[in-house]
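Colleague: After the structure tokens below, expect a handful of questions from me.
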Amino acid sequence: MIPRMNLINRSVVTFFALFILSACSSDSGPDELPSNPVSGAQENPEPNNPGTTTDPSVDSMPDSMMPVDGGDNAPGGPVAALVLSPLPSPSITEDPSANDEPIPQASELNTITSFQVVRDPAPRIPFKTQAAEFSEEDFARGLPEAVVTVPPGLDTTSNAPPFFEGLENVRVSAGDIVEIRYIPRDPEGELPGMFAQELPEGATFDDNFDGTRTLLWQTFQADVGITAFTVVAIDPVDSLYRSSQTLLIAVDENPTSVEPNIAPTIEPVTSYTVRVGDPAVVLLDGFDRNGTTPTIELLNPPATATLTPDERDPDLQWLQVIPDEVGTVTIDVLTRDEIDPELTGLDQITFFVRPASDFERSGARLKDAAAGSGLLFGSAVSPVFYLQGDGGVYESVASTEFGIMTPESSMKWDAINPVPGEFTFADMDNLMQFAALHSMSVRGHPLVWHRSLPSWVEATAVNDREVHMREFITRVMNRYGEGIDYWDVINEPLNDSDGNMRQSIWYEAMGESYIDIAFAQAKELDPTATLVLNEFDIGFAGPKFDGLLQLIDRLQARSVPLDAIGFQMHVFSSYDQFDELGANMAAVVERGLDVHITELDVAIADGGNASQQAAVYAGVVNTCQAQPRCNVLQTWGFTDRYSFRTFLDPLYLNRSYQVKDSYGAMQEALGNN
Ligand code: 9MR
């Protein structure tokens, strides 16, 4: 801690490929079901990142790393710690200014009653990140070259990368339907799998059940411009060998077009389980695919319901209701089309209102059960939970069960600094207030990661990246360091499976020394915080864990100020390698480091059930408790309603905040040790 589609067939533009394949699709997108839940191995929490094909030298030393005392490395002894040169002044991107400072948000627009919630001043909805922009010149250059990711050790002379056949950039007029068939090919003859990255709004990417998929997209006037669509082909032999193919779709103005006008709707259309008497808010986004703004009306509002326009975005309205009776409250929300007021959409928001007693849990709170043995227990906390219908219950669980929280996404670069010189601090500020109010420690997460980067960071010049990285670390630590005891300085530096260094944009720019630089920067800013390297798939024996140990040894030989290893532990209900987990923890401790369990969750997959899940939670707790230097244990969320793999019910309260077997199992395991 620092002291201090609706598809309407007007005209169809079709791009058929030359061949039709007969084999079946083997799509294995990373956000879909895990490939091997049976083994109990952890799910790869990694969406595909095309990465880079360059191979920087680990030895390369960036310019600003100054030679250090003892750099000649006395035989047998580690070199002295790295001393960084000062950051450039002025900074390479504009620093936060008074204009970025969050301002108070009206209390009826959130579920918090105990402190003043703030919001970002800028007219931007939180968490909408900037898409990479492409120009007509880019379009004219033709289909962008595929980015090939080559796993270390793969022999590209005997295995050429997969590709897509017959693709070219596409030009349509607004109102047209785009139809593009993706035919994956592999020079060795077998059928590659594929998955799509973010789809254009309203588009589908359907399986043709013959190894191909089809992008179908009804365009509108609002889509005018150039949209990039990326599909990744997966090598049939080595699934980490991938070709990421972007295709550009130019949508031209079409002044004569009578566009299809489809009924507007709202987002989200959902239901919440809430506690009687808690304020519930839902940010209603009136949505029309043609880009116009529908009006929003409540048809049967309960007496306590209010609808307040958002000051920053005319599409948004805040629905607040304070349900004062147990039962089901359904609110009909009518959206009226801006062009044709007769055209309306009707959606429902439902609240299942339950008595406070339904949310009480017997026995000790988890943080208290853990405290008996000196273990700090906590969880990740979802972004803007206080802007959700069920924010009240969420807050009551988080504030009573946890002694430490990690912001699940609110501190990530794309959340905090989506555009150079523009900062969106409000959510993180609110989470820090929340933590302080409930005397929770905070784990800063993550300072350096290859994911959740704004596109502008990914596009930075290699030579500038070290400064960008250090500036981000500095801004985040200076703003939040006072309330933060633990920092995930480096997140997921190793390849998914083989334990070699991940070819991230940071590695591309600085080689392995990006880790040294990041830790040195963090240490300089907060000499007393616990600095952590956080990694997944290290809860069992294998090449990845071996690679981690080798990395630790190299870092320690260079006196990198590393204090702890974070074992993420995104596992499955079939996980049973507790001996290996214990041995791995011991190997880390032998190197003088602490062990944290940072992101535990246990997905139910492949016929698993709630009691197997409970046994895994208890097993991980017991293994941590058996290791004296395993002193922090955090889960990655707590309710199945809010989880990055919610479809596998990986947590210990269900989607209605009722305890599952796993809650009691953890309570018992924590208390017994
Ligand atoms: O759970 C997080 C999910 O909501 C985000 O979309 C995703 C990208 O920012 O990150 C998830 O959290 C990851 C964590 O930050 C690092 N370890 C793996 C976690 C799951 O992917």
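In the structure tokens, the first chain shown is A, the next is B, and so on; residue numbers restart at 1 for each chain, and ligands run from 1 in the order shown.
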Can you tell me which residues surround region 310-324 of chain A at a distance of at most 9 Å, considering only C-alpha atoms, apart from same-chain residues fewer than 6 positions away, and format the answer as a ChimeraX atom specification?
Modeller: /A:108-111,121-125,274-287,292-296,301-304,351,353,389
Colleague: Could I get the residue neighbourhood of ligand 1 at 10 Å, counting only C-alpha atoms and all ligand atoms, as a ChimeraX atom specification?
Modeller: /A:31,43-47,380-383,406-415,445-446,449-453,488,491-492,534-536,567-570,598-601,636-637,642-646
Colleague: Step one, run DSSP on the backbone; step two, keep only residues of region 534-623 of chain A assigned to strand (DSSP E or B); then write them as number ranges by chain.
Modeller: A: 534-535, 564-567, 570-572, 594-603
Colleague: CA of Leu525 (chain A) and CA of Glu471 (chain A), how far apart in Å?
Modeller: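 About the pair CA of Glu471 (chain A) and CA of Leu525 (chain A): they are 11.6 Å apart.
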Colleague: Just the residues within 10 Å of region 338-341 of chain A, please, counting only C-alpha atoms, with nothing from its chain fewer than 2 positions along; format it as number ranges by chain.
Modeller: A: 261-264, 288, 290-295, 335-336, 343-344
Colleague: Take the residues from that selection and put them in a file with all heavy atoms, as a JSON list (two decimals), in the first residue's frame.
Modeller:
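Below is the file that was written, part_38.json:
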```json
[["chain", "number", "residue", "atom", "x", "y", "z"],
["A", 261, "ASN", "N", -37.39, -0.89, -41.75],
["A", 261, "ASN", "CA", -37.55, -0.24, -40.46],
["A", 261, "ASN", "C", -38.13, -1.27, -39.50],
["A", 261, "ASN", "O", -39.29, -1.65, -39.61],
["A", 261, "ASN", "CB", -38.47, 0.98, -40.59],
["A", 261, "ASN", "CG", -38.44, 1.83, -39.31],
["A", 261, "ASN", "OD1", -37.65, 1.56, -38.41],
["A", 261, "ASN", "ND2", -39.30, 2.82, -39.24],
["A", 262, "ILE", "N", -37.29, -1.77, -38.61],
["A", 262, "ILE", "CA", -37.76, -2.81, -37.70],
["A", 262, "ILE", "C", -38.01, -2.20, -36.32],
["A", 262, "ILE", "O", -37.42, -1.18, -35.98],
["A", 262, "ILE", "CB", -36.78, -4.01, -37.63],
["A", 262, "ILE", "CG1", -35.38, -3.55, -37.23],
["A", 262, "ILE", "CG2", -36.74, -4.73, -38.96],
["A", 262, "ILE", "CD1", -34.40, -4.71, -37.11],
["A", 263, "ALA", "N", -38.88, -2.85, -35.57],
["A", 263, "ALA", "CA", -39.31, -2.29, -34.28],
["A", 263, "ALA", "C", -38.13, -2.14, -33.33],
["A", 263, "ALA", "O", -37.25, -3.01, -33.28],
["A", 263, "ALA", "CB", -40.37, -3.18, -33.66],
["A", 264, "PRO", "N", -38.10, -1.05, -32.57],
["A", 264, "PRO", "CA", -37.03, -0.89, -31.58],
["A", 264, "PRO", "C", -37.21, -1.83, -30.40],
["A", 264, "PRO", "O", -38.25, -2.48, -30.26],
["A", 264, "PRO", "CB", -37.16, 0.57, -31.14],
["A", 264, "PRO", "CG", -38.57, 0.93, -31.42],
["A", 264, "PRO", "CD", -39.05, 0.06, -32.55],
["A", 288, "ASP", "N", -32.30, 0.84, -31.62],
["A", 288, "ASP", "CA", -32.89, 0.64, -32.94],
["A", 288, "ASP", "C", -31.76, 0.40, -33.91],
["A", 288, "ASP", "O", -30.82, 1.19, -33.98],
["A", 288, "ASP", "CB", -33.70, 1.88, -33.34],
["A", 288, "ASP", "CG", -34.69, 1.56, -34.45],
["A", 288, "ASP", "OD1", -34.32, 0.76, -35.33],
["A", 288, "ASP", "OD2", -35.81, 2.08, -34.41],
["A", 290, "ASN", "N", -31.47, 0.82, -36.94],
["A", 290, "ASN", "CA", -31.19, 1.82, -37.97],
["A", 290, "ASN", "C", -30.54, 3.08, -37.39],
["A", 290, "ASN", "O", -30.36, 4.07, -38.10],
["A", 290, "ASN", "CB", -32.46, 2.16, -38.76],
["A", 290, "ASN", "CG", -33.50, 2.83, -37.89],
["A", 290, "ASN", "OD1", -33.20, 3.31, -36.80],
["A", 290, "ASN", "ND2", -34.73, 2.87, -38.37],
["A", 291, "GLY", "N", -30.20, 3.05, -36.13],
["A", 291, "GLY", "CA", -29.42, 4.14, -35.55],
["A", 291, "GLY", "C", -30.25, 5.27, -34.97],
["A", 291, "GLY", "O", -29.71, 6.19, -34.39],
["A", 292, "THR", "N", -31.58, 5.22, -35.12],
["A", 292, "THR", "CA", -32.40, 6.28, -34.53],
["A", 292, "THR", "C", -32.64, 5.98, -33.05],
["A", 292, "THR", "O", -32.34, 4.89, -32.58],
["A", 292, "THR", "CB", -33.75, 6.41, -35.26],
["A", 292, "THR", "OG1", -34.41, 5.14, -35.20],
["A", 292, "THR", "CG2", -33.55, 6.83, -36.71],
["A", 293, "THR", "N", -33.21, 6.97, -32.36],
["A", 293, "THR", "CA", -33.39, 6.83, -30.91],
["A", 293, "THR", "C", -34.87, 6.66, -30.59],
["A", 293, "THR", "O", -35.65, 7.59, -30.76],
["A", 293, "THR", "CB", -32.85, 8.09, -30.19],
["A", 293, "THR", "OG1", -31.47, 8.21, -30.52],
["A", 293, "THR", "CG2", -33.02, 7.98, -28.69],
["A", 294, "PRO", "N", -35.27, 5.49, -30.12],
["A", 294, "PRO", "CA", -36.68, 5.32, -29.76],
["A", 294, "PRO", "C", -37.00, 6.03, -28.45],
["A", 294, "PRO", "O", -36.10, 6.27, -27.64],
["A", 294, "PRO", "CB", -36.82, 3.80, -29.60],
["A", 294, "PRO", "CG", -35.45, 3.32, -29.24],
["A", 294, "PRO", "CD", -34.47, 4.28, -29.86],
["A", 295, "THR", "N", -38.26, 6.37, -28.24],
["A", 295, "THR", "CA", -38.66, 6.84, -26.92],
["A", 295, "THR", "C", -39.03, 5.61, -26.08],
["A", 295, "THR", "O", -39.39, 4.57, -26.61],
["A", 295, "THR", "CB", -39.88, 7.78, -26.99],
["A", 295, "THR", "OG1", -40.87, 7.15, -27.77],
["A", 295, "THR", "CG2", -39.50, 9.11, -27.60],
["A", 335, "THR", "N", -41.11, 0.65, -26.44],
["A", 335, "THR", "CA", -40.19, 1.53, -27.18],
["A", 335, "THR", "C", -40.91, 1.96, -28.47],
["A", 335, "THR", "O", -41.51, 1.14, -29.15],
["A", 335, "THR", "CB", -38.89, 0.80, -27.54],
["A", 335, "THR", "OG1", -39.17, -0.57, -27.83],
["A", 335, "THR", "CG2", -37.89, 0.87, -26.42],
["A", 336, "ARG", "N", -40.83, 3.25, -28.77],
["A", 336, "ARG", "CA", -41.55, 3.80, -29.93],
["A", 336, "ARG", "C", -40.54, 4.29, -30.96],
["A", 336, "ARG", "O", -39.63, 5.04, -30.63],
["A", 336, "ARG", "CB", -42.43, 4.96, -29.44],
["A", 336, "ARG", "CG", -43.56, 5.32, -30.37],
["A", 336, "ARG", "CD", -44.43, 6.40, -29.73],
["A", 336, "ARG", "NE", -45.30, 5.92, -28.67],
["A", 336, "ARG", "CZ", -46.41, 5.20, -28.83],
["A", 336, "ARG", "NH1", -46.78, 4.86, -30.06],
["A", 336, "ARG", "NH2", -47.13, 4.82, -27.82],
["A", 343, "LEU", "N", -44.79, 2.28, -34.94],
["A", 343, "LEU", "CA", -43.99, 1.05, -34.84],
["A", 343, "LEU", "C", -43.40, 0.98, -33.43],
["A", 343, "LEU", "O", -42.60, 1.84, -33.04],
["A", 343, "LEU", "CB", -42.87, 1.09, -35.89],
["A", 343, "LEU", "CG", -41.99, -0.14, -36.03],
["A", 343, "LEU", "CD1", -42.79, -1.36, -36.47],
["A", 343, "LEU", "CD2", -40.87, 0.14, -37.04],
["A", 344, "THR", "N", -43.80, -0.02, -32.67],
["A", 344, "THR", "CA", -43.34, -0.10, -31.27],
["A", 344, "THR", "C", -42.80, -1.49, -30.94],
["A", 344, "THR", "O", -43.14, -2.48, -31.58],
["A", 344, "THR", "CB", -44.51, 0.21, -30.30],
["A", 344, "THR", "OG1", -45.55, -0.72, -30.56],
["A", 344, "THR", "CG2", -45.00, 1.64, -30.43]]
```
Colleague: Residues near Ala520 (chain A), anyone? I mean within 12 Å using only C-alpha atoms, not counting same-chain ones fewer than 2 positions away, as JSON, numbers by chain.
Modeller: {"A": [65, 66, 80, 81, 82, 83, 84, 85, 470, 473, 474, 489, 490, 513, 514, 515, 516, 517, 518, 522, 523, 524, 525, 526, 527, 531, 555, 558, 559, 560, 561, 562]}
Colleague: Work out how far apart CA of Pro144 (chain A) and CA of Phe163 (chain A) are and give it in Å to one decimal.
Modeller: 12.5 Å
Colleague: Fewer than 2 positions away in the same chain doesn't count, so skip those; otherwise give me all residues within 12 Å of Arg641 (chain A), counting only C-alpha atoms, as number ranges by chain.
Modeller: A: 270-273, 382, 385, 388-391, 393-394, 637-639, 643-658
Colleague: List as a VMD selection string the protein and nucleic acid residues near Glu137 (chain A), meaning an atom at most 12 Å away when only C-alpha atoms are counted, but skip any in the same chain fewer than 6 places from it.
Modeller: chain A and resid 143 to 144 226 248 250
Colleague: Write out the residues from the selection above, keeping all heavy atoms, as a PDB file, in the first residue's frame.
Modeller:
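selection38.pdb was written with the following content:
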```pdb
ATOM      1  N   LEU A 143      -7.646  -7.504 -49.145  1.00  0.00           N
ATOM      2  CA  LEU A 143      -7.825  -8.295 -47.927  1.00  0.00           C
ATOM      3  C   LEU A 143      -6.574  -8.187 -47.043  1.00  0.00           C
ATOM      4  O   LEU A 143      -5.462  -8.454 -47.515  1.00  0.00           O
ATOM      5  CB  LEU A 143      -8.062  -9.762 -48.310  1.00  0.00           C
ATOM      6  CG  LEU A 143      -8.496 -10.671 -47.172  1.00  0.00           C
ATOM      7  CD1 LEU A 143      -9.975 -10.421 -46.832  1.00  0.00           C
ATOM      8  CD2 LEU A 143      -8.291 -12.133 -47.558  1.00  0.00           C
ATOM      9  N   PRO A 144      -6.735  -7.774 -45.783  1.00  0.00           N
ATOM     10  CA  PRO A 144      -5.549  -7.698 -44.924  1.00  0.00           C
ATOM     11  C   PRO A 144      -4.874  -9.066 -44.806  1.00  0.00           C
ATOM     12  O   PRO A 144      -5.539 -10.103 -44.851  1.00  0.00           O
ATOM     13  CB  PRO A 144      -6.115  -7.264 -43.568  1.00  0.00           C
ATOM     14  CG  PRO A 144      -7.436  -6.641 -43.870  1.00  0.00           C
ATOM     15  CD  PRO A 144      -7.953  -7.330 -45.098  1.00  0.00           C
ATOM     16  N   ILE A 226     -16.454   1.632 -42.654  1.00  0.00           N
ATOM     17  CA  ILE A 226     -15.764   0.358 -42.886  1.00  0.00           C
ATOM     18  C   ILE A 226     -15.739  -0.446 -41.592  1.00  0.00           C
ATOM     19  O   ILE A 226     -15.299   0.035 -40.552  1.00  0.00           O
ATOM     20  CB  ILE A 226     -14.356   0.602 -43.433  1.00  0.00           C
ATOM     21  CG1 ILE A 226     -14.500   1.242 -44.817  1.00  0.00           C
ATOM     22  CG2 ILE A 226     -13.565  -0.700 -43.505  1.00  0.00           C
ATOM     23  CD1 ILE A 226     -13.233   1.551 -45.514  1.00  0.00           C
ATOM     24  N   LEU A 248     -12.540  -6.662 -44.573  1.00  0.00           N
ATOM     25  CA  LEU A 248     -13.152  -5.344 -44.418  1.00  0.00           C
ATOM     26  C   LEU A 248     -14.453  -5.270 -45.213  1.00  0.00           C
ATOM     27  O   LEU A 248     -14.510  -5.694 -46.376  1.00  0.00           O
ATOM     28  CB  LEU A 248     -12.188  -4.253 -44.886  1.00  0.00           C
ATOM     29  CG  LEU A 248     -10.828  -4.247 -44.172  1.00  0.00           C
ATOM     30  CD1 LEU A 248      -9.941  -3.128 -44.715  1.00  0.00           C
ATOM     31  CD2 LEU A 248     -10.991  -4.107 -42.663  1.00  0.00           C
ATOM     32  N   ALA A 250     -17.099  -2.546 -46.542  1.00  0.00           N
ATOM     33  CA  ALA A 250     -17.412  -1.123 -46.710  1.00  0.00           C
ATOM     34  C   ALA A 250     -18.905  -0.993 -46.951  1.00  0.00           C
ATOM     35  O   ALA A 250     -19.454  -1.620 -47.854  1.00  0.00           O
ATOM     36  CB  ALA A 250     -16.626  -0.553 -47.889  1.00  0.00           C
TER      37      ALA A 250
END
```
Colleague: Counting only C-alpha atoms, which of A:Phe540, A:Pro151, A:Ser107, A:Leu533 gets nearest to Gln503 (chain A)?
Modeller: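 Nearest candidate to Gln503 (chain A) out of A:Phe540, A:Pro151, A:Ser107, A:Leu533: A:Pro151.
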Colleague: Please, what distance in Å, to one decimal, runs between CA of Thr635 (chain A) and CA of Arg591 (chain A)?
Modeller: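 That distance, rounded to one decimal, is 24.9 Å.
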Colleague: Using only C-alpha atoms, which of A:Ala106, A:Ile565, A:Leu167, A:Val476 sits nearest Pro493 (chain A)?
Modeller: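 Closest to Pro493 (chain A) of all the choices is A:Ile565.
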Colleague: Show which residues sit within 12 Å of Val659 (chain A), as a ChimeraX atom specification. Count only C-alpha atoms, and ignore same-chain residues fewer than 5 positions away.
Modeller: /A:358-363,397,610,614,638-640,651-654,664-667
